[in-house]
Amino acid sequence: MSEKAAFSRVLARVEKPGRYVGGEWNEIRKDPARVRTKVALAFPDVYEIGMSYLGQKILYDLLNKDRDVLAERVFAPWPDLERELRAAGLPLASLENGLPLREFDIVGFSLLYELNFSNVLTVLDLGGIPLTSAERGEDVPLIIAGGPAAFNPEPVADIFDLVFLGDGEEGFPEIVRAVAGQRRRNLPRRERLRELARIEGVYVPSLYEAVPEAGSRLVVPRPLSGTGAPAVVRKRLVRDFARSPFPEKIVVPGLRVVFDRVAVEAARGCPQNCRFCQASTLYFPHRPKDPDVIHRTALRSLRQTGYEDLSLSALSIGDHPQLEATVGSLMDDLAKEKISLSLSSLRPGRLSRELVENILKVRKTGFTLVPEAGTERLRAVINKKLDAREIRDALTFAFEGGWKLVKLYFMAGLPTETAEDLAGIVGLVREVVDLGRAIQGPPPRVHVSLSSFIPKPHTPFQWLGMDDEAVLAEKQEYVRSELRRFRTVEVKTHPLATSVLEAVFSRGDRQLGPVLIDAWRRGARFDGWDDKLDVGAWTDAFAAAGLDHRDYLRPLPRDAVLPWDHIDTRLKKSRLAEELDAALRGERTPDCGERSCGECRGCDERAWKKPARPARIKPVPPARGPAGEPAETVVRYQAVYSKRGKARYLSHIDLIHILQRSFRRAGIEVVKTQGFHPKMDFSYGPALPLGMEALREVLEFRSGRRLETRDFLARVNRSVPPGIRFSGLAAVAAGTPSLHKITETLVYSLDRADEALGPRRSAPELRAAFDRFRSAHGGAPGEMRLAGRRLVLSLPPDPAKGARAQDIVREIFGIEDPVYVLRRDAVVLKTGGGSSAGGPSSCPGHVPWPR
């Protein structure tokens with residue numbers, strides 16, 4: 001059996017095979033034999049999360065623009081696929097070409113979250129790559145880390161060959177070019193790493209040794225003599241971020257993902273300087289994108305993807321200096337297409353009625369506020385610039401605008417927190433409910449998220465300790481119990497075990513490397529998932545290493561060198577100390593827009609703070625016109641399509657979203673449903689089981705335009721992903737019953753020579769087995785016939801009136817997953833009520849299928 005066939009067998013035994021097959025719209029697939037450098041962009045979490053990450057989208061687009069570079073995607077396999085790959089002896093491979101990880105020159109991991117570290121080991125091990133840098137030979141790919149969780153690289157220093165710090169689009173292509181040059185010169189691995197360490201933003205852990213720090217229980221890295229490694233590694237920055245390009249032709253996932261929309265990065269960094277926030281330091285300084293770039297990128301991307309939702313992404317979108325002009329210009333175009341716009345992290349102080357009205361032009365999503373703390377005193381401690389008046393004004397805008405759902409985010413365990421601060425959370429939620437009831441009548445739905453404060457590196461609170469787990473549990477229970485009286489309030493608390501483990505690895509040192517590997521060997525996987533964290537594996541691993549994880553949660557000496565001090569974020573450590581002192585005094589400090597650069601001393605160039613240019617937003621040329629001419633009345637159509645190859649791994653729900661986006665890309669106008677979230681009004685035949693191929697499926701839609709068959713097929717077949725193809729279109733006569741009512745028969749078939757069915761059976765044996773099945777099931781209706789090598793089943797569409805094809809095949813052939821050996825050949829419609837999918841209809845007034 002070929003490796004490809006073996007992998008197909010594996011996919012039949014996993015929960016969501018669509019995560020692992022690729023073939024999505026806008027996927028970039030190159031010939032590996034015609035490039036110089038192959039890069040695997042690895043994300044150590046599942047497909048649905050990784051495909052939502054903007055950083056991977058940027059690098060995928062940027063690297064593949066170089067004709068000499070191939071960049072493909074790899075995601076951490078869910079435990080079911082890991083188990084099946086190991087059992088079959090198959091390697092983890094990329095989505096685009098199915099290349100095993102060992103065949104790449106570079107495997108680059110995006111580290112967003114410390115609790116993904118164990119998944120890095122899974123990816124490496126399944127890819128046939130040794131877990132530690134010291135074990136890797138000359139022919140093994142270079143293993144690189146980047147992303148926010150890489151800014152304290154010490155806990156994973158043994159695993160990665162090098163770590164890149166800063167804006168990936170600025171430095172990662174330089175690393176790729178350097179690696180290509182090194183391969184041509186045939187340099188030894190050790191010498192390659194020394195050369196790469198000279199690139200700004202690159203940290204090579206093997207060129208450093210971990211030594212004890214006086215007065216601290218942690219070890220810190222020092223450059224090894226003779227290596228030339230820098231004592232301090234400075235993060236890399238995109239210089240002209242305002243006009244830097246952002247990918248427009250993004251890959252459209254085959255599955256529903258966490259953020260399933262076009263997301264355009266509107267700014268990088270945040271000027272607010274909240275003292276608990278690590279991201280504001282890591283992405284410092286604040287750099288807004290030019291409004292014209294945002295506008296152009298958003299509209300072009302929507303047209304090339306078919307999405308109906310757009311979001312502008314930033315740590316604090318409200319601090320974009322030209323937000324209202326940007327949103328106003330976008331909504332002029334989006335409202336015409338019924339495309340919704342959402343804004344992430346919008347501060348109340350930047351809300352205006354005009355902005356709210358623009359967002360509400362299409363549809364309402366949840367309204368989010370992030371107070372973090374329950375009292376103004378504690379918000380001053382964390383430097384959160386949000387007062388009671390701003391909160392009330394923002395909520396008033398929201399409730400008057402019709403929002404029914406409000407999301408509130410808080411933290412427990414913040415520095416100097418008291419019982420009054422926790423009571424303040426409860427009081428604030430009560431005020432939200434009362435205000436919503438006063439404006440709207442019924443009480444609003446309120447979702448409260450309560451997470452645990454972690455004193456992260458590179459923040460003013462990095463020297464502080466974290467609350468004990470028992471103390472945090474008491475605080476969570478207090479808030480939950482007090483809010484139970486409100487029936488429309490839902491409280492979600494983050495599991496304490498995951499928060500503690502995140503804190504340990506975010507504040508850890510190189511001593512944690514062996515603990516991580518040991519816990520992984522004991523079964524640690526997907527530690528950030530509530531139902532996957534194996535606390536026992538971690539407890540045993542810490543005990544085996546002779547380490548107490550609580551040591552990493554305690555306060556750190558102010559005068560000690562910290563394990564992450566060799567990473568220069570461009571914000572001085574002395575500045576962080578000043579902010580800590582201000583926090584302990586309960587003082588707020590101005591944000592970047594309110595003070596001079598000389599006060600902060602974080603920027604070495606005043607160029608970062610140039611005044612924003614007036615917004616000059618150029619109109620984007622209109623999209624190609626829709627198919628067909630306007631019709632006098634709405635026309636109902638039936639269309640026939642096939643679903644084969646990689647498309648068989650799409651669930652029915654995923655298929656619905658894919659077809660809707662395909663029609664949008666093709667310019668096929670479809671009448672929308674009414675209600676809160678208007679969608680294209682499609683009707684489908686009986687849902688096809690995940691994993692089953694189909695030759696002639698049927699769907700219906702209504703359009704206000706007269707569609708010509710040839711133009712429809714040409715447009716839509718240019719706009720569907722591989723595996724889906726349309727073959728027919730017919731207008732449906734007025735008064736024809738619904739598709740559900742006129743579906744008469746479903747025709748299935750299988751190849752009798754398929755090895756999965758076991759020894760080939762004779763025709764009499766199969767007929768006898770089918771008759772026994774019908775008899776055992778009360779004479780279930782249906783017919784069986786043989787057509788050459790194929791066994792054909794004709795069954796009623798309602799399983800309640802008979803039996804499913806997979807049930808029949810399972811019982812006759814004794815196989816567990818019959819869906820993957822079956823094919824649905826046709827959806828047959830009643831004569832006089834429609835057409836047999838794929839053939840002409842005799843129904844009066846029904847346009848026949850094109851031959």
# chains A, B, ... in the order shown; residues from 1 in each chain; ligands from 1
>>> select_by_dssp(residues="range 446-602 of chain A", states="strand (DSSP E or B)", output="list in words")
Val446, His447, Val448, Ser449, Leu450, Ser451, Ser452, Val489, Glu490, Val491, Lys492, Thr493, Ile567 and Asp568 of chain A
>>> residues_around(residues="Ile294 in chain A", least_positions_apart="2", cutoff="12 Å", atoms="only C-alpha atoms", output="ChimeraX atom specification")
/A:241-248,262-267,288-292,296-301,310-313,320,322-323,325-327,329-330,615-620
>>> residues_around(residues="Ala388 in chain A", least_positions_apart="3", cutoff="8 Å", atoms="only C-alpha atoms", output="PyMOL selection string")
chain A and resi 376+391-392
>>> residues_around(residues="range 645-659 of chain A", least_positions_apart="4", cutoff="8 Å", atoms="only C-alpha atoms", output="ChimeraX atom specification")
/A:16-18,21-23,254-256,663,687-693,720,722-724
